[in-house]
Amino acid sequence: MNPPRLLIANRGEIAVRIIRACRDLGISPVAVYSEADRGSLHVRLADHAVPIGPPPARESYLVPEKLLAAARKTGASLVHPGFGFLSENAAFAQAVIDAGLTWVGPRPFSIGAMGSKTESRQRMLAAGVPVVPGMTTPAASAAEVAAFGRENGFPLLLKAAAGGGGKGMRVVRSESEVAEAFARTQSEAKSYFADDRVYAELFVEHPRHIEVQVLGDATGKVLAIGERECSLQRRHQKVLEECPSAAVSPELRAKMENVAVAAARAVEYVSAGTVEFLLARDGRFFFLEMNTRIQVEHPVTECVYGVDLVAEMIRIALGKPMSLAEKPAARGHAIECRVYAEDPGRAFAPSPGRITAVRWPGGPGIRVDAGLTAGDVVPLDYDPMVAKITAWGTSRDEARRRMLRALAETRVQGIQTSVPFFVSLLNDPRVVSNDVSTQFLDTYKFVPPAPEEGQMDLALAAAVLESLEQTKSVRPQTKGAPPAAWRIARPTHGAR
Amino acid sequence: MKFHARFPGSGPSGIALRVEAPPPSYEIETEGRTLAGNARRLGDGVWSLVTLDGRQAEARIERTPDGGMRVRIGAVTFEFDLLDELTARALLATGGRAVRKAKHVAAAMPGRVLRVLVAAGDAVSAGQPLIVLEAMKMENEVKSPQDGIVSGVAVAAGQPVNAGEVLVRFAADPA
């Protein structure tokens, strides 16, 4: 009998991750690709691959009909959406099910219930889950937002009702900023999510972002599998995550896990999901949102709890009970760095281009989830994450030191990456002592690591040698033996 | 063969580097010192250097968009202009004046113009945002490198641009 086929409605690193889970389970992976991704790693690792259109996501990875047609063409019986793209689109999940295929994810009802921030808040309030004070319906006008601010105080956070992944959010510090912020958030919401509804909530100052991993199966069992510390965010985008959080005591963990399970149960949750909380300085925590999909930072949980969350998702989608009888025991500490194609020395400007050479780190405790290899192009059209490096250690400090070792081994040639930024970050005393909040990176100034003594001379020598090499290769080749040393050393422009 | 490495503040002629022996055993004279050891090229722009006293470093070299050298050793990045002797002399002949003003600002990366914030005739100051570019789902402000007068805007909102494409032109300095 042929193994079942699973279509991955995604690209890059997460597509590669899902392909690996398929292989482990004896399932045949089917890739889809836009024209920008024809040669990508996820295509090369798959058994089948189907083109789905031009590079812009809205003409390829976001088109349900093309994905369903690809599944039909290849005989795939399962569809895994990964994260981003259509992963939290209830209509797509329903279309997959209506086509007679198996959706590897939660029920469309759960996605829909958690997908609208206003609806999810109402459900959470009803389920006794604590939430941040905020508007229960989208704001009809800037004046309504201003009134809410006068009543609950500033700062406020303006959010797209259909938002996610840090897009379409804006902090409003005073009433005078409301009008412009409302207009801009609305316009961003419209362009990112085709939905310009916006609402406001109280902005908790210097909170931590702590999220709880949950896993539910069709038998009705829901487990919480520890928390992740995701406070280090830039422009509301996570850059470094840890499991567990050094700020969460065993008592607090138990409390948060119980609330997370209640939140998941309130929407009859099946599959892997994440309940996000804001943890205030005083220990209170508030429900932020539930991500009804696999999370980018799932590897830190996998390292500490010894689970394969993606494989569990597939198992559960096939109607089997999860393989875990109970929450596994935690072991050690894990840290993940999201390596982006950006230049930390130039205000994190995007750095797209071709990767000419790459060396990923290895050795004890290191896991690399990369979507790209040498020769691949980081396309302009998608998220600029090139890899996730995860370091595990018996303690937080061992994980941190192993991460520094891994970053020192990492080489990505041809583009700039955020690796030097992580080296500085992981040496910052406040990061070492875990004295951070979600606002930490707003004021963090990346200072490039200072050269060690003698390094400048090495850099000069290397530059001169490379320059000689390049001059040599453009010079007309002479037949016979290569020029002797003295000829190269001689001035080439001596006619003066 | 002689080179000049110019850093911000290193003066118009920079640091002189004279190659006395090419790889694999390199020897470079500079400012009365000798940088020497064994060099091996491991790929495009990737070198392993072992100095005479046994220090090892893996260096990665790239050209910056403006033609400079970017050398990375570990997490440390060095950037400088490496000029051959001819170019260095030509620059010196201009009297080593401060850097001449740019005639235009070009896109550092491919993207799409979201907003144009200036128009021809505008007086702008160094650091002032000129254009907002969208690349890789992010908005990036293109700032003015200098004080000056905008003589023309070469792009319009919504337009895709390539790396190196001129965005804004400056009027010639009256001085």
# chains A, B, ... in the order shown; residues from 1 in each chain; ligands from 1
call {"tool": "interface_residues", "arguments": {"of": "chain A", "to": "chain B", "cutoff": "8 Å", "atoms": "only C-alpha atoms", "output": "ChimeraX atom specification"}}
result
/A:349-352,356,380-384,408,413-414,419-420,423,448-451,455-466,485-486,488-493
call {"tool": "write_last_selection", "arguments": {"atoms": "N, CA and C atoms", "output": "short mmCIF file (atom, residue, chain, number, x, y, z; two decimals), in the first residue's frame"}}
result
data_model
loop_
_atom_site.label_atom_id
_atom_site.label_comp_id
_atom_site.auth_asym_id
_atom_site.auth_seq_id
_atom_site.Cartn_x
_atom_site.Cartn_y
_atom_site.Cartn_z
N ALA A 349 18.16 46.78 8.14
CA ALA A 349 17.60 46.87 6.79
C ALA A 349 17.56 45.46 6.19
N PRO A 350 16.50 45.15 5.45
CA PRO A 350 16.42 43.84 4.81
C PRO A 350 17.63 43.59 3.93
N SER A 351 18.09 42.35 3.90
CA SER A 351 19.26 42.01 3.11
C SER A 351 18.95 40.79 2.24
N PRO A 352 18.11 40.99 1.22
CA PRO A 352 17.79 39.87 0.35
C PRO A 352 18.98 39.54 -0.55
N THR A 356 25.71 32.58 -0.98
CA THR A 356 26.76 31.94 -1.77
C THR A 356 27.37 30.76 -1.04
N LEU A 380 12.44 38.47 -1.98
CA LEU A 380 11.87 39.70 -1.42
C LEU A 380 10.43 39.52 -1.00
N ASP A 381 9.80 38.49 -1.56
CA ASP A 381 8.35 38.40 -1.46
C ASP A 381 7.83 37.87 -0.13
N TYR A 382 8.73 37.27 0.68
CA TYR A 382 8.23 36.60 1.88
C TYR A 382 8.99 37.07 3.12
N ASP A 383 8.57 36.47 4.25
CA ASP A 383 9.23 36.75 5.51
C ASP A 383 10.74 36.50 5.40
N PRO A 384 11.56 37.41 5.98
CA PRO A 384 13.01 37.28 5.79
C PRO A 384 13.72 36.32 6.74
N ALA A 408 28.80 31.53 16.79
CA ALA A 408 30.18 31.74 16.33
C ALA A 408 30.53 30.79 15.19
N GLN A 413 27.15 33.45 3.86
CA GLN A 413 27.82 34.35 2.93
C GLN A 413 26.85 34.83 1.85
N GLY A 414 27.01 36.07 1.46
CA GLY A 414 26.21 36.60 0.35
C GLY A 414 25.12 37.54 0.81
N VAL A 419 22.84 37.46 13.01
CA VAL A 419 23.70 36.72 13.93
C VAL A 419 24.53 37.64 14.85
N PRO A 420 25.20 38.69 14.33
CA PRO A 420 25.97 39.55 15.25
C PRO A 420 25.10 40.21 16.32
N VAL A 423 24.66 37.77 19.13
CA VAL A 423 25.88 37.65 19.94
C VAL A 423 25.91 38.77 20.98
N PRO A 448 27.76 46.97 17.68
CA PRO A 448 28.50 45.87 17.08
C PRO A 448 29.63 45.44 18.01
N PRO A 449 29.89 44.14 18.11
CA PRO A 449 30.95 43.67 18.99
C PRO A 449 32.28 44.35 18.65
N ALA A 450 33.04 44.73 19.66
CA ALA A 450 34.31 45.42 19.44
C ALA A 450 35.36 44.44 18.96
N PRO A 451 36.24 44.90 18.07
CA PRO A 451 37.29 44.01 17.59
C PRO A 451 38.25 43.63 18.71
N GLN A 455 42.79 41.97 15.43
CA GLN A 455 41.80 41.54 14.43
C GLN A 455 41.77 42.47 13.23
N MET A 456 42.01 43.75 13.50
CA MET A 456 42.03 44.74 12.41
C MET A 456 43.11 44.39 11.38
N ASP A 457 44.28 44.01 11.88
CA ASP A 457 45.36 43.65 10.97
C ASP A 457 44.98 42.44 10.12
N LEU A 458 44.31 41.48 10.76
CA LEU A 458 43.87 40.29 10.02
C LEU A 458 42.87 40.68 8.94
N ALA A 459 41.99 41.63 9.29
CA ALA A 459 40.98 42.07 8.31
C ALA A 459 41.64 42.77 7.13
N LEU A 460 42.62 43.61 7.44
CA LEU A 460 43.35 44.31 6.37
C LEU A 460 44.06 43.32 5.46
N ALA A 461 44.72 42.35 6.08
CA ALA A 461 45.45 41.36 5.29
C ALA A 461 44.48 40.58 4.41
N ALA A 462 43.36 40.18 4.98
CA ALA A 462 42.38 39.39 4.22
C ALA A 462 41.84 40.20 3.04
N ALA A 463 41.57 41.48 3.28
CA ALA A 463 41.02 42.32 2.21
C ALA A 463 42.03 42.48 1.09
N VAL A 464 43.30 42.67 1.44
CA VAL A 464 44.35 42.81 0.42
C VAL A 464 44.48 41.52 -0.38
N LEU A 465 44.46 40.39 0.32
CA LEU A 465 44.62 39.11 -0.36
C LEU A 465 43.45 38.85 -1.31
N GLU A 466 42.25 39.16 -0.86
CA GLU A 466 41.08 38.96 -1.72
C GLU A 466 41.13 39.89 -2.93
N ALA A 485 56.17 34.98 -7.65
CA ALA A 485 55.80 35.90 -6.58
C ALA A 485 56.28 37.32 -6.86
N TRP A 486 57.50 37.45 -7.34
CA TRP A 486 58.05 38.80 -7.53
C TRP A 486 57.29 39.58 -8.57
N ILE A 488 54.02 39.38 -9.13
CA ILE A 488 52.77 39.88 -8.55
C ILE A 488 53.06 41.08 -7.65
N ALA A 489 54.18 40.98 -6.94
CA ALA A 489 54.51 42.03 -5.98
C ALA A 489 54.92 43.32 -6.67
N ARG A 490 55.34 43.21 -7.95
CA ARG A 490 55.78 44.39 -8.68
C ARG A 490 54.61 45.32 -8.97
N PRO A 491 54.82 46.60 -8.90
CA PRO A 491 53.72 47.52 -9.22
C PRO A 491 53.21 47.26 -10.63
N THR A 492 51.91 47.22 -10.80
CA THR A 492 51.35 46.92 -12.12
C THR A 492 51.13 48.19 -12.93
N HIS A 493 51.32 49.33 -12.29
CA HIS A 493 51.11 50.58 -13.02
C HIS A 493 52.39 51.40 -12.94
#
call {"tool": "residues_around", "arguments": {"residues": "stretch 151-161 of chain B", "least_positions_apart": "2", "cutoff": "6 Å", "atoms": "only C-alpha atoms", "output": "ChimeraX atom specification"}}
result
/B:110-115,120-121,167-171
call {"tool": "write_last_selection", "arguments": {"atoms": "C-alpha atoms", "output": "short mmCIF file (atom, residue, chain, number, x, y, z; two decimals), in the first residue's frame"}}
result
data_model
loop_
_atom_site.label_atom_id
_atom_site.label_comp_id
_atom_site.auth_asym_id
_atom_site.auth_seq_id
_atom_site.Cartn_x
_atom_site.Cartn_y
_atom_site.Cartn_z
CA PRO B 110 15.07 46.20 -4.23
CA GLY B 111 11.57 47.07 -3.09
CA ARG B 112 8.54 49.18 -3.75
CA VAL B 113 8.11 52.90 -3.17
CA LEU B 114 5.38 53.41 -0.58
CA ARG B 115 5.54 57.15 -0.10
CA ALA B 120 11.92 69.15 -6.22
CA GLY B 121 13.03 72.40 -4.64
CA LEU B 167 15.46 57.79 -6.01
CA VAL B 168 16.18 61.44 -5.30
CA ARG B 169 18.61 63.87 -6.96
CA PHE B 170 20.31 66.79 -5.28
CA ALA B 171 21.05 70.18 -6.79
#
call {"tool": "select_by_dssp", "arguments": {"residues": "stretch 19-107 of chain B", "states": "helix (DSSP H, G or I)", "output": "VMD selection string"}}
result
chain B and resid 85 to 93
call {"tool": "closest_residue", "arguments": {"among": "A:Gly273, A:Gly149, A:Pro130, A:Gly75", "to": "A:Val104", "atoms": "only C-alpha atoms"}}
result
A:Gly273
call {"tool": "residues_around", "arguments": {"residues": "A:Met385", "least_positions_apart": "4", "cutoff": "10 Å", "atoms": "only C-alpha atoms", "output": "ChimeraX atom specification"}}
result
/A:12-13,239,338-342,370-372,378,417-418
call {"tool": "residues_around", "arguments": {"residues": "A:Glu88", "least_positions_apart": "5", "cutoff": "9 Å", "atoms": "only C-alpha atoms", "output": "list in words"}}
result
Pro81, Phe83, Ala93, Pro108, Ile111, Gly112, Gly115, Asn291, Thr292 and Arg293 of chain A
call {"tool": "decode", "arguments": {"residues": "stretch 10-81 of chain B", "atoms": "C-alpha atoms", "output": "mmCIF file, in the first residue's frame"}}
result
data_model
loop_
_atom_site.group_PDB
_atom_site.id
_atom_site.type_symbol
_atom_site.label_atom_id
_atom_site.label_comp_id
_atom_site.auth_asym_id
_atom_site.auth_seq_id
_atom_site.Cartn_x
_atom_site.Cartn_y
_atom_site.Cartn_z
ATOM 1 C CA SER B 10 41.941 57.953 8.547
ATOM 2 C CA GLY B 11 42.770 60.794 6.167
ATOM 3 C CA PRO B 12 42.540 60.896 2.389
ATOM 4 C CA SER B 13 45.385 58.498 1.715
ATOM 5 C CA GLY B 14 44.530 56.097 4.536
ATOM 6 C CA ILE B 15 46.811 53.302 5.636
ATOM 7 C CA ALA B 16 49.347 52.178 3.057
ATOM 8 C CA LEU B 17 49.712 48.437 2.568
ATOM 9 C CA ARG B 18 52.533 46.985 0.470
ATOM 10 C CA VAL B 19 52.357 43.353 -0.569
ATOM 11 C CA GLU B 20 55.797 41.787 -0.291
ATOM 12 C CA ALA B 21 54.753 38.195 -0.869
ATOM 13 C CA PRO B 22 51.494 36.746 -2.149
ATOM 14 C CA PRO B 23 49.652 33.701 -0.782
ATOM 15 C CA PRO B 24 49.970 31.064 0.426
ATOM 16 C CA SER B 25 52.711 32.739 2.471
ATOM 17 C CA TYR B 26 51.635 36.334 2.667
ATOM 18 C CA GLU B 27 53.667 39.294 3.821
ATOM 19 C CA ILE B 28 52.215 42.798 3.938
ATOM 20 C CA GLU B 29 54.082 45.880 5.113
ATOM 21 C CA THR B 30 52.055 48.586 6.780
ATOM 22 C CA GLU B 31 52.956 51.527 8.994
ATOM 23 C CA GLY B 32 56.260 49.954 9.915
ATOM 24 C CA ARG B 33 54.725 46.599 10.805
ATOM 25 C CA THR B 34 54.633 43.346 8.899
ATOM 26 C CA LEU B 35 51.462 41.297 8.669
ATOM 27 C CA ALA B 36 52.623 37.846 7.732
ATOM 28 C CA GLY B 37 51.577 34.246 7.805
ATOM 29 C CA ASN B 38 49.863 31.608 5.761
ATOM 30 C CA ALA B 39 46.654 32.282 3.853
ATOM 31 C CA ARG B 40 44.240 29.907 2.224
ATOM 32 C CA ARG B 41 41.257 30.871 0.120
ATOM 33 C CA LEU B 42 38.395 28.496 0.945
ATOM 34 C CA GLY B 43 35.827 29.849 -1.440
ATOM 35 C CA ASP B 44 34.524 33.080 -2.834
ATOM 36 C CA GLY B 45 35.763 35.713 -0.408
ATOM 37 C CA VAL B 46 36.416 33.230 2.394
ATOM 38 C CA TRP B 47 39.931 33.067 3.780
ATOM 39 C CA SER B 48 41.619 31.274 6.634
ATOM 40 C CA LEU B 49 44.654 33.163 7.891
ATOM 41 C CA VAL B 50 47.255 31.675 10.210
ATOM 42 C CA THR B 51 49.703 34.290 11.435
ATOM 43 C CA LEU B 52 53.378 33.614 12.088
ATOM 44 C CA ASP B 53 52.709 33.468 15.826
ATOM 45 C CA GLY B 54 49.976 30.887 15.327
ATOM 46 C CA ARG B 55 46.793 32.934 15.472
ATOM 47 C CA GLN B 56 43.972 31.649 13.224
ATOM 48 C CA ALA B 57 41.080 33.647 11.845
ATOM 49 C CA GLU B 58 38.393 32.912 9.304
ATOM 50 C CA ALA B 59 37.658 36.087 7.367
ATOM 51 C CA ARG B 60 34.760 36.648 4.964
ATOM 52 C CA ILE B 61 35.062 39.441 2.472
ATOM 53 C CA GLU B 62 32.350 41.115 0.453
ATOM 54 C CA ARG B 63 31.962 44.286 -1.542
ATOM 55 C CA THR B 64 29.560 46.817 -0.084
ATOM 56 C CA PRO B 65 27.024 48.378 -2.480
ATOM 57 C CA ASP B 66 29.237 51.481 -2.770
ATOM 58 C CA GLY B 67 32.295 49.424 -3.685
ATOM 59 C CA GLY B 68 33.930 49.315 -0.281
ATOM 60 C CA MET B 69 35.330 46.274 1.496
ATOM 61 C CA ARG B 70 33.393 44.531 4.221
ATOM 62 C CA VAL B 71 35.448 42.028 6.182
ATOM 63 C CA ARG B 72 33.815 39.901 8.842
ATOM 64 C CA ILE B 73 35.783 37.989 11.433
ATOM 65 C CA GLY B 74 33.517 36.219 13.888
ATOM 66 C CA ALA B 75 30.774 38.664 14.879
ATOM 67 C CA VAL B 76 32.986 41.679 14.135
ATOM 68 C CA THR B 77 32.562 43.586 10.894
ATOM 69 C CA PHE B 78 35.174 45.922 9.435
ATOM 70 C CA GLU B 79 34.321 48.263 6.619
ATOM 71 C CA PHE B 80 36.778 50.368 4.696
ATOM 72 C CA ASP B 81 37.680 51.451 1.192
#
